[in-house]
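Asks: The structure's right below; bear with me while I get my questions together.
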Amino acid sequence: MQLRDTVLSIPEWEALIHRAEVGEVTEPLENVDHDDPSPYDAIFVGGGAGGRFGSAYLRARGGRQLVIDKWPFLGGSCPHQACVPHHLFSEAAREMDYMRWNSGTLWFGEFDEKRASIRDLVDLFKSGRNNAHAFMNWQSKEQLGMEYVLNAPATVVDAHTVEVAGRRYTTRSLVLGTGARTDVPPIPGIHLPGVFDFASLIEELNYEPSRCVIIGGSKIALEYGSFFQATGCQTTILSRSKLMRTASLHHVDEDLRTYVVDGMLKRGVEIHEGAEPIEVVGDGSVTGVRARLADGTETTIDTDFVFIGTGERPDARPYVTALGVDLDDRGFVKVDARMRTSVPDVYAIGDLIGAPMEMFKARKCGMTAARNIMGEPYEFDFSEYPDFLHTTYEVTWVGLTEAEARDRYDDVVVIQMPPKGLVDEIALPCAEGSMLYAFTRPELTGFQKAVYDGRSRRLLGAHHVGFGAKDAFQYLDHLIRKGITIDEMGEMNELFLNPDHFIQLSRLRAGNNDLVDL
Ligand SMILES: Cc1cc2nc3c(=O)[nH]c(=O)nc-3n(C[C@H](O)[C@H](O)[C@H](O)COP(=O)(O)OP(=O)(O)OC[C@H]3O[C@@H](n4cnc5c(N)ncnc54)[C@H](O)[C@@H]3O)c2cc1C
Ligand SMILES: NC(=O)c1ccc[n+]([C@@H]2O[C@H](COP(=O)([O-])OP(=O)(O)OC[C@H]3O[C@@H](n4cnc5c(N)ncnc54)[C@H](OP(=O)(O)O)[C@@H]3O)[C@@H](O)[C@H]2O)c1
């Protein structure tokens, strides 16, 4: 379908995407300027976060791009199956948690578990997700001037040629950004009906789970586990490592971790750390999970719903076959700091190149490739970044943990709320978003910690459990890189009352020549 000379409204895009998703439209959706004889500077294979932002940046630098996606929309997995549903579920979990803890008090009615349905939320998401997809197709064409072919898989022929929908396109550079998918563990029974991951949960759930077992101990396990538990679906997490102590997460402070895990236990989530799933058992569909627990005993947990959060891997085989790109030992495409692969003129971006698998990295990888393709040597170092996950709280961190700081510095100062030793005695932090908890259930009011180097007075790390502080952490990341000191923190103007109390708490100590904990 040629769309080059047609301006579709957002509702028209939405309807078209829907028809493509249900198989009524099978032809490619083409927005390509076939009259333009100039060569492409880059073809982006995959129009997810990396491909779309890379395309936008290349256009902004005056280049010509083509982005190709097998799905009928740009934006990729984040708005379709990953981040956006996860945030909907996490927000719903926060609300349900709030309702439960306050059930029957003040103006709150009795919490009615029958109305808290996983399936309803999944269906709600599915009924609305194409609106964002439609917007991205519209914006990419009408505002960002991108060329694209959608609803058609691309085949890489060589470093300068891509085939899509029966036509070959040539390009100066190629950018690979086809993402990753769940790395399904080789456990007997794992393919039984009733076993889901984040993608199949959205596409295939057709019953209301009554009991859940999660395999994994990182972001997906904590986020989805918290949501399932909040709906009343009793959830057990089987994690090989300690929760949040998985290889993929860095800079997790132990006090923050303890607060998070305790909070999940208080809400009734069953947690087995050091557990090894042995088999998913079933009779046509899942009926249980057999696991070896940390003490060596074997147990079978009855369940009608297994959820896998065991990380993601790409399928990079087509690029090895067509191009001979080098992969790392886990199958991710190897790149340098400019996103260049081992093959000249071929770049790779986003989840395809491995951790961290986060939107900021995917988008900035695309931008980095675009800058280099347009002649600007530009390097992207993503070894340090602010990070987060959700339980029924927002859990946010950046920089060094207290333990990491103590390993590297000999005068570490910790400013935290509640202060060490007073955790059970005061209803603080009493912050934006946790006020009602502070007065009804003080132990649920959150946790915050700032770590300073006492000598240079510089902020080394910040750690937060609560609501609404994620935004601040985007800027704290920048300020830590710039070397902000406790005195400069104290100079800032807070908007009291706020989600994190780092400014005012820092000011209380900023006047001291010899910094001490607070
Ligand atoms: C459950 C979950 C929740 C997440 N939540 C967050 C979050 O809250 N915040 C955050 O920062 N990150 C989050 N992430 C990570 C984030 O979703 C990814 O890092 C990001 O989407 C990666 O972007 P990408 O462009 O590399 O890949 P993708 O967005 O996956 O895009 C790849 C694209 O390539 C296309 N494609 C594949 N093969 C072909 C082909 N042969 N031809 C044409 N097109 C093809 C696909 O259709 C897809 O559109 C989450 C991930 C998961 C799994
Ligand atoms: N920003 C966000 O909010 C957000 C949300 C969700 C997902 N994401 C991204 O999406 C990606 C996927 O998330 P994820 O939580 O699934 O992956 P992850 O962070 O890679 O963690 C994988 C988990 O599965 C465990 N595991 C791996 N293989 C296993 C096996 N064979 N048997 C048992 N356990 C196994 C790991 O344990 P070990 O540590 O012991 O190996 C670990 O706990 C991540 O890169 C993440 O950054 C981001």
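Simple scheme: letters A, B, ... for chains in structure tokens order, numbers from 1 for residues in each chain, numbers from 1 for ligands in the order shown.
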Hey, which bits of chain A sit within 8 Å of ligand 2, and for each residue what's the closest pair of atoms and how far apart in Å (one decimal), counting only C-alpha atoms and all ligand atoms, rows by chain and increasing number, as JSON lines?
Replies:
{"residue": "A:Ala82", "atom": "CA", "partner": "ligand 2", "partner_atom_place_in_ligand_line": "6 (C)", "distance": 7.2}
{"residue": "A:Cys83", "atom": "CA", "partner": "ligand 2", "partner_atom_place_in_ligand_line": "5 (C)", "distance": 6.4}
{"residue": "A:His86", "atom": "CA", "partner": "ligand 2", "partner_atom_place_in_ligand_line": "5 (C)", "distance": 7.1}
{"residue": "A:Thr182", "atom": "CA", "partner": "ligand 2", "partner_atom_place_in_ligand_line": "16 (O)", "distance": 7.1}
{"residue": "A:Asp183", "atom": "CA", "partner": "ligand 2", "partner_atom_place_in_ligand_line": "28 (N)", "distance": 7.3}
{"residue": "A:Val184", "atom": "CA", "partner": "ligand 2", "partner_atom_place_in_ligand_line": "31 (N)", "distance": 7.4}
{"residue": "A:Pro185", "atom": "CA", "partner": "ligand 2", "partner_atom_place_in_ligand_line": "31 (N)", "distance": 4.2}
{"residue": "A:Pro186", "atom": "CA", "partner": "ligand 2", "partner_atom_place_in_ligand_line": "31 (N)", "distance": 6.5}
{"residue": "A:Ile187", "atom": "CA", "partner": "ligand 2", "partner_atom_place_in_ligand_line": "31 (N)", "distance": 7.5}
{"residue": "A:Ile215", "atom": "CA", "partner": "ligand 2", "partner_atom_place_in_ligand_line": "34 (N)", "distance": 5.9}
{"residue": "A:Gly216", "atom": "CA", "partner": "ligand 2", "partner_atom_place_in_ligand_line": "24 (O)", "distance": 3.7}
{"residue": "A:Gly217", "atom": "CA", "partner": "ligand 2", "partner_atom_place_in_ligand_line": "43 (O)", "distance": 3.5}
{"residue": "A:Ser218", "atom": "CA", "partner": "ligand 2", "partner_atom_place_in_ligand_line": "15 (O)", "distance": 4.1}
{"residue": "A:Lys219", "atom": "CA", "partner": "ligand 2", "partner_atom_place_in_ligand_line": "15 (O)", "distance": 3.9}
{"residue": "A:Ile220", "atom": "CA", "partner": "ligand 2", "partner_atom_place_in_ligand_line": "15 (O)", "distance": 3.8}
{"residue": "A:Ala221", "atom": "CA", "partner": "ligand 2", "partner_atom_place_in_ligand_line": "15 (O)", "distance": 5.8}
{"residue": "A:Leu222", "atom": "CA", "partner": "ligand 2", "partner_atom_place_in_ligand_line": "15 (O)", "distance": 7.8}
{"residue": "A:Glu223", "atom": "CA", "partner": "ligand 2", "partner_atom_place_in_ligand_line": "5 (C)", "distance": 7.1}
{"residue": "A:Leu238", "atom": "CA", "partner": "ligand 2", "partner_atom_place_in_ligand_line": "33 (C)", "distance": 7.7}
{"residue": "A:Ser239", "atom": "CA", "partner": "ligand 2", "partner_atom_place_in_ligand_line": "43 (O)", "distance": 5.9}
{"residue": "A:Arg240", "atom": "CA", "partner": "ligand 2", "partner_atom_place_in_ligand_line": "40 (O)", "distance": 4.5}
{"residue": "A:Ser241", "atom": "CA", "partner": "ligand 2", "partner_atom_place_in_ligand_line": "40 (O)", "distance": 4.2}
{"residue": "A:Lys242", "atom": "CA", "partner": "ligand 2", "partner_atom_place_in_ligand_line": "40 (O)", "distance": 7.7}
{"residue": "A:Leu243", "atom": "CA", "partner": "ligand 2", "partner_atom_place_in_ligand_line": "43 (O)", "distance": 7.0}
{"residue": "A:Met244", "atom": "CA", "partner": "ligand 2", "partner_atom_place_in_ligand_line": "43 (O)", "distance": 7.3}
{"residue": "A:Arg245", "atom": "CA", "partner": "ligand 2", "partner_atom_place_in_ligand_line": "39 (O)", "distance": 6.6}
{"residue": "A:Thr246", "atom": "CA", "partner": "ligand 2", "partner_atom_place_in_ligand_line": "39 (O)", "distance": 3.3}
{"residue": "A:Ala247", "atom": "CA", "partner": "ligand 2", "partner_atom_place_in_ligand_line": "39 (O)", "distance": 4.6}
{"residue": "A:Ser248", "atom": "CA", "partner": "ligand 2", "partner_atom_place_in_ligand_line": "19 (O)", "distance": 4.7}
{"residue": "A:Leu249", "atom": "CA", "partner": "ligand 2", "partner_atom_place_in_ligand_line": "19 (O)", "distance": 6.4}
{"residue": "A:Glu276", "atom": "CA", "partner": "ligand 2", "partner_atom_place_in_ligand_line": "33 (C)", "distance": 6.3}
{"residue": "A:Pro277", "atom": "CA", "partner": "ligand 2", "partner_atom_place_in_ligand_line": "33 (C)", "distance": 6.5}
{"residue": "A:Ile308", "atom": "CA", "partner": "ligand 2", "partner_atom_place_in_ligand_line": "16 (O)", "distance": 7.3}
{"residue": "A:Gly309", "atom": "CA", "partner": "ligand 2", "partner_atom_place_in_ligand_line": "16 (O)", "distance": 3.7}
{"residue": "A:Thr310", "atom": "CA", "partner": "ligand 2", "partner_atom_place_in_ligand_line": "24 (O)", "distance": 3.1}
{"residue": "A:Gly311", "atom": "CA", "partner": "ligand 2", "partner_atom_place_in_ligand_line": "17 (O)", "distance": 3.2}
{"residue": "A:Glu312", "atom": "CA", "partner": "ligand 2", "partner_atom_place_in_ligand_line": "12 (C)", "distance": 5.4}
{"residue": "A:Asp351", "atom": "CA", "partner": "ligand 2", "partner_atom_place_in_ligand_line": "45 (O)", "distance": 7.9}
{"residue": "A:Gly354", "atom": "CA", "partner": "ligand 2", "partner_atom_place_in_ligand_line": "45 (O)", "distance": 7.7}
{"residue": "A:Ala355", "atom": "CA", "partner": "ligand 2", "partner_atom_place_in_ligand_line": "45 (O)", "distance": 5.6}
{"residue": "A:Pro356", "atom": "CA", "partner": "ligand 2", "partner_atom_place_in_ligand_line": "45 (O)", "distance": 5.5}
{"residue": "A:Met357", "atom": "CA", "partner": "ligand 2", "partner_atom_place_in_ligand_line": "45 (O)", "distance": 4.1}
{"residue": "A:Glu358", "atom": "CA", "partner": "ligand 2", "partner_atom_place_in_ligand_line": "47 (O)", "distance": 5.6}
{"residue": "A:Met359", "atom": "CA", "partner": "ligand 2", "partner_atom_place_in_ligand_line": "1 (N)", "distance": 7.7}
{"residue": "A:Asp387", "atom": "CA", "partner": "ligand 2", "partner_atom_place_in_ligand_line": "1 (N)", "distance": 6.9}
{"residue": "A:Phe388", "atom": "CA", "partner": "ligand 2", "partner_atom_place_in_ligand_line": "1 (N)", "distance": 5.8}
{"residue": "A:Leu389", "atom": "CA", "partner": "ligand 2", "partner_atom_place_in_ligand_line": "3 (O)", "distance": 4.5}
{"residue": "A:His390", "atom": "CA", "partner": "ligand 2", "partner_atom_place_in_ligand_line": "3 (O)", "distance": 6.6}
Asks: 7 Å from ligand 1 is the threshold here; counting only C-alpha atoms and all ligand atoms, which polymer residues fall inside it? Answer as number ranges by chain.
Replies: A: 45-51, 68-71, 74-78, 81-84, 86-87, 152-155, 177-180, 198, 220, 349-352, 357-360, 362
Asks: Write out the residues from the selection above, keeping C-alpha atoms, as a compact mmCIF listing (two decimals), in the first residue's frame.
Replies:
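Output file result25.txt follows:
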# COMPACT_ATOMS: atom_id res chain seq x y z
CA VAL A 45 16.51 -2.88 9.93
CA GLY A 46 14.00 -2.81 12.78
CA GLY A 47 11.94 0.25 13.66
CA GLY A 48 11.91 -0.08 17.44
CA ALA A 49 13.30 2.48 19.85
CA GLY A 50 16.76 2.27 18.29
CA GLY A 51 15.70 2.30 14.64
CA ILE A 68 11.90 -1.27 7.86
CA ASP A 69 9.77 -3.14 10.37
CA LYS A 70 7.95 -6.43 10.15
CA TRP A 71 5.19 -5.03 12.37
CA LEU A 74 7.13 1.95 14.32
CA GLY A 75 8.15 2.00 17.99
CA GLY A 76 8.94 -1.68 18.46
CA SER A 77 8.41 -3.93 21.44
CA CYS A 78 8.26 -1.21 24.13
CA GLN A 81 4.44 -5.80 24.55
CA ALA A 82 7.11 -4.59 26.97
CA CYS A 83 7.53 -1.24 28.79
CA VAL A 84 4.10 0.23 28.23
CA HIS A 86 4.51 -3.21 32.28
CA HIS A 87 3.94 0.39 33.39
CA ALA A 152 7.08 -6.60 6.03
CA PRO A 153 10.21 -8.38 7.31
CA ALA A 154 13.55 -7.26 5.93
CA THR A 155 16.21 -9.62 4.66
CA GLY A 177 18.21 -3.02 15.38
CA THR A 178 15.97 -6.06 15.55
CA GLY A 179 15.88 -6.37 19.33
CA ALA A 180 15.77 -9.53 21.45
CA PHE A 198 5.87 -10.75 28.70
CA ILE A 220 10.53 -8.75 35.01
CA ILE A 349 22.03 -0.93 18.17
CA GLY A 350 19.66 -1.52 21.09
CA ASP A 351 18.84 -4.90 22.61
CA LEU A 352 20.60 -6.67 19.74
CA MET A 357 18.35 -3.46 27.63
CA GLU A 358 16.74 -0.14 28.34
CA MET A 359 15.07 2.50 26.23
CA PHE A 360 17.62 5.21 26.87
CA ALA A 362 18.41 1.75 22.49
Asks: Show which residues sit within 10 Å of A:Leu327, as a ChimeraX atom specification. Count only C-alpha atoms, and ignore same-chain residues fewer than 5 positions away.
Replies: /A:316-317,319-320,332-335,341-342,353
Asks: May I ask for the distance between atom CA of A:Asn130 and atom CA of A:Cys365, given in Å to one decimal place?
Replies: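 Atom-to-atom, atom CA of A:Asn130 and atom CA of A:Cys365 are spaced 25.4 Å apart.
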Asks: Atom CA of A:Gly284 and atom CA of A:Val306 are how many Å apart?
Replies: 14.0 Å
Asks: List as a list in words the protein and nucleic acid residues near A:Ser140, meaning an atom at most 9 Å away when only C-alpha atoms are counted, but skip any in the same chain fewer than 6 places from it.
Replies: Arg52, Ser55, Ala56, Leu74, Met146, Glu147 and Tyr148 of chain A
Asks: Give the answer as one residue: which of A:Asn493, A:Thr105, A:Asn31, A:Gln229 has the shortest atom-to-atom distance to A:Val149, using only C-alpha atoms?
Replies: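 Between A:Asn493, A:Thr105, A:Asn31, A:Gln229, the residue approaching A:Val149 most closely is A:Asn31.
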Asks: I'd like the contact shell of A:Met264 - 8 Å cut-off, only C-alpha atoms, skipping same-chain residues fewer than 4 positions apart - returned as an MDAnalysis selection string.
Replies: chainID A and resid 226 260 268:269 391
Asks: Can you tell me which residues surround stretch 14-16 of chain A at a distance of at most 8 Å, considering only C-alpha atoms, apart from same-chain residues fewer than 5 positions away, and format the answer as a PDB file with all heavy atoms, in the first residue's frame?
Replies:
ATOM      1  N   VAL A  25      -5.011  -6.842   6.282  1.00  0.00           N
ATOM      2  CA  VAL A  25      -4.079  -6.141   5.384  1.00  0.00           C
ATOM      3  C   VAL A  25      -2.744  -6.878   5.492  1.00  0.00           C
ATOM      4  O   VAL A  25      -2.135  -6.897   6.552  1.00  0.00           O
ATOM      5  CB  VAL A  25      -3.904  -4.664   5.796  1.00  0.00           C
ATOM      6  CG1 VAL A  25      -2.796  -4.007   4.984  1.00  0.00           C
ATOM      7  CG2 VAL A  25      -5.207  -3.909   5.641  1.00  0.00           C
ATOM      8  N   ASN A 130      -2.858   0.456  20.058  1.00  0.00           N
ATOM      9  CA  ASN A 130      -2.636   0.922  18.684  1.00  0.00           C
ATOM     10  C   ASN A 130      -2.692   2.441  18.557  1.00  0.00           C
ATOM     11  O   ASN A 130      -2.267   2.993  17.535  1.00  0.00           O
ATOM     12  CB  ASN A 130      -3.632   0.276  17.723  1.00  0.00           C
ATOM     13  CG  ASN A 130      -3.229  -1.152  17.410  1.00  0.00           C
ATOM     14  OD1 ASN A 130      -2.103  -1.554  17.709  1.00  0.00           O
ATOM     15  ND2 ASN A 130      -4.147  -1.922  16.842  1.00  0.00           N
ATOM     16  N   ASN A 131      -3.213   3.105  19.561  1.00  0.00           N
ATOM     17  CA  ASN A 131      -3.241   4.568  19.493  1.00  0.00           C
ATOM     18  C   ASN A 131      -1.822   5.125  19.481  1.00  0.00           C
ATOM     19  O   ASN A 131      -1.483   5.989  18.660  1.00  0.00           O
ATOM     20  CB  ASN A 131      -4.048   5.123  20.676  1.00  0.00           C
ATOM     21  CG  ASN A 131      -4.247   6.611  20.543  1.00  0.00           C
ATOM     22  OD1 ASN A 131      -3.537   7.396  21.174  1.00  0.00           O
ATOM     23  ND2 ASN A 131      -5.188   7.022  19.702  1.00  0.00           N
ATOM     24  N   HIS A 133       0.843   3.436  18.640  1.00  0.00           N
ATOM     25  CA  HIS A 133       1.469   2.978  17.387  1.00  0.00           C
ATOM     26  C   HIS A 133       1.097   3.922  16.240  1.00  0.00           C
ATOM     27  O   HIS A 133       1.942   4.292  15.410  1.00  0.00           O
ATOM     28  CB  HIS A 133       0.985   1.571  17.025  1.00  0.00           C
ATOM     29  CG  HIS A 133       1.309   0.525  18.037  1.00  0.00           C
ATOM     30  ND1 HIS A 133       2.256   0.687  19.017  1.00  0.00           N
ATOM     31  CD2 HIS A 133       0.811  -0.726  18.213  1.00  0.00           C
ATOM     32  CE1 HIS A 133       2.322  -0.424  19.753  1.00  0.00           C
ATOM     33  NE2 HIS A 133       1.450  -1.284  19.288  1.00  0.00           N
ATOM     34  N   ALA A 134      -0.203   4.268  16.195  1.00  0.00           N
ATOM     35  CA  ALA A 134      -0.685   5.146  15.112  1.00  0.00           C
ATOM     36  C   ALA A 134       0.030   6.482  15.169  1.00  0.00           C
ATOM     37  O   ALA A 134       0.457   7.031  14.143  1.00  0.00           O
ATOM     38  CB  ALA A 134      -2.198   5.347  15.250  1.00  0.00           C
TER      39      ALA A 134
END
Asks: As an exercise, work out the distance from atom CA of A:Gly63 to atom CA of A:Ile373 in Å and give it to one decimal place.
Replies: 8.9 Å
Asks: Counting only C-alpha atoms, what is within 10 Å of A:Glu384, bar same-chain residues fewer than 4 positions away, as a PyMOL selection string?
Replies: chain A and resi 250-251+356+398-400+477+481
Asks: Output as a ChimeraX atom specification all residues of stretch 108-356 of chain A that backbone DSSP marks as strand (DSSP E).
Replies: /A:148-150,154-158,161-164,167-176,181-182,195-196,211-215,234-239,270-273,276-282,286-292,298-302,306-308,312-313,346-348
Asks: Ranking A:Asn498, A:Met435, A:Asp471, A:Tyr409 by minimum distance to A:Gly454 and counting only C-alpha atoms, which one comes first?
Replies: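 Of all the options, A:Tyr409 lies closest to A:Gly454.
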Asks: Choose the residue, out of A:Met374, A:Val423, A:Val286, A:Glu273, that has the smallest atom-to-atom separation from A:Phe196; count only C-alpha atoms.
Replies: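 For A:Phe196, the nearest of the given residues is A:Val286.
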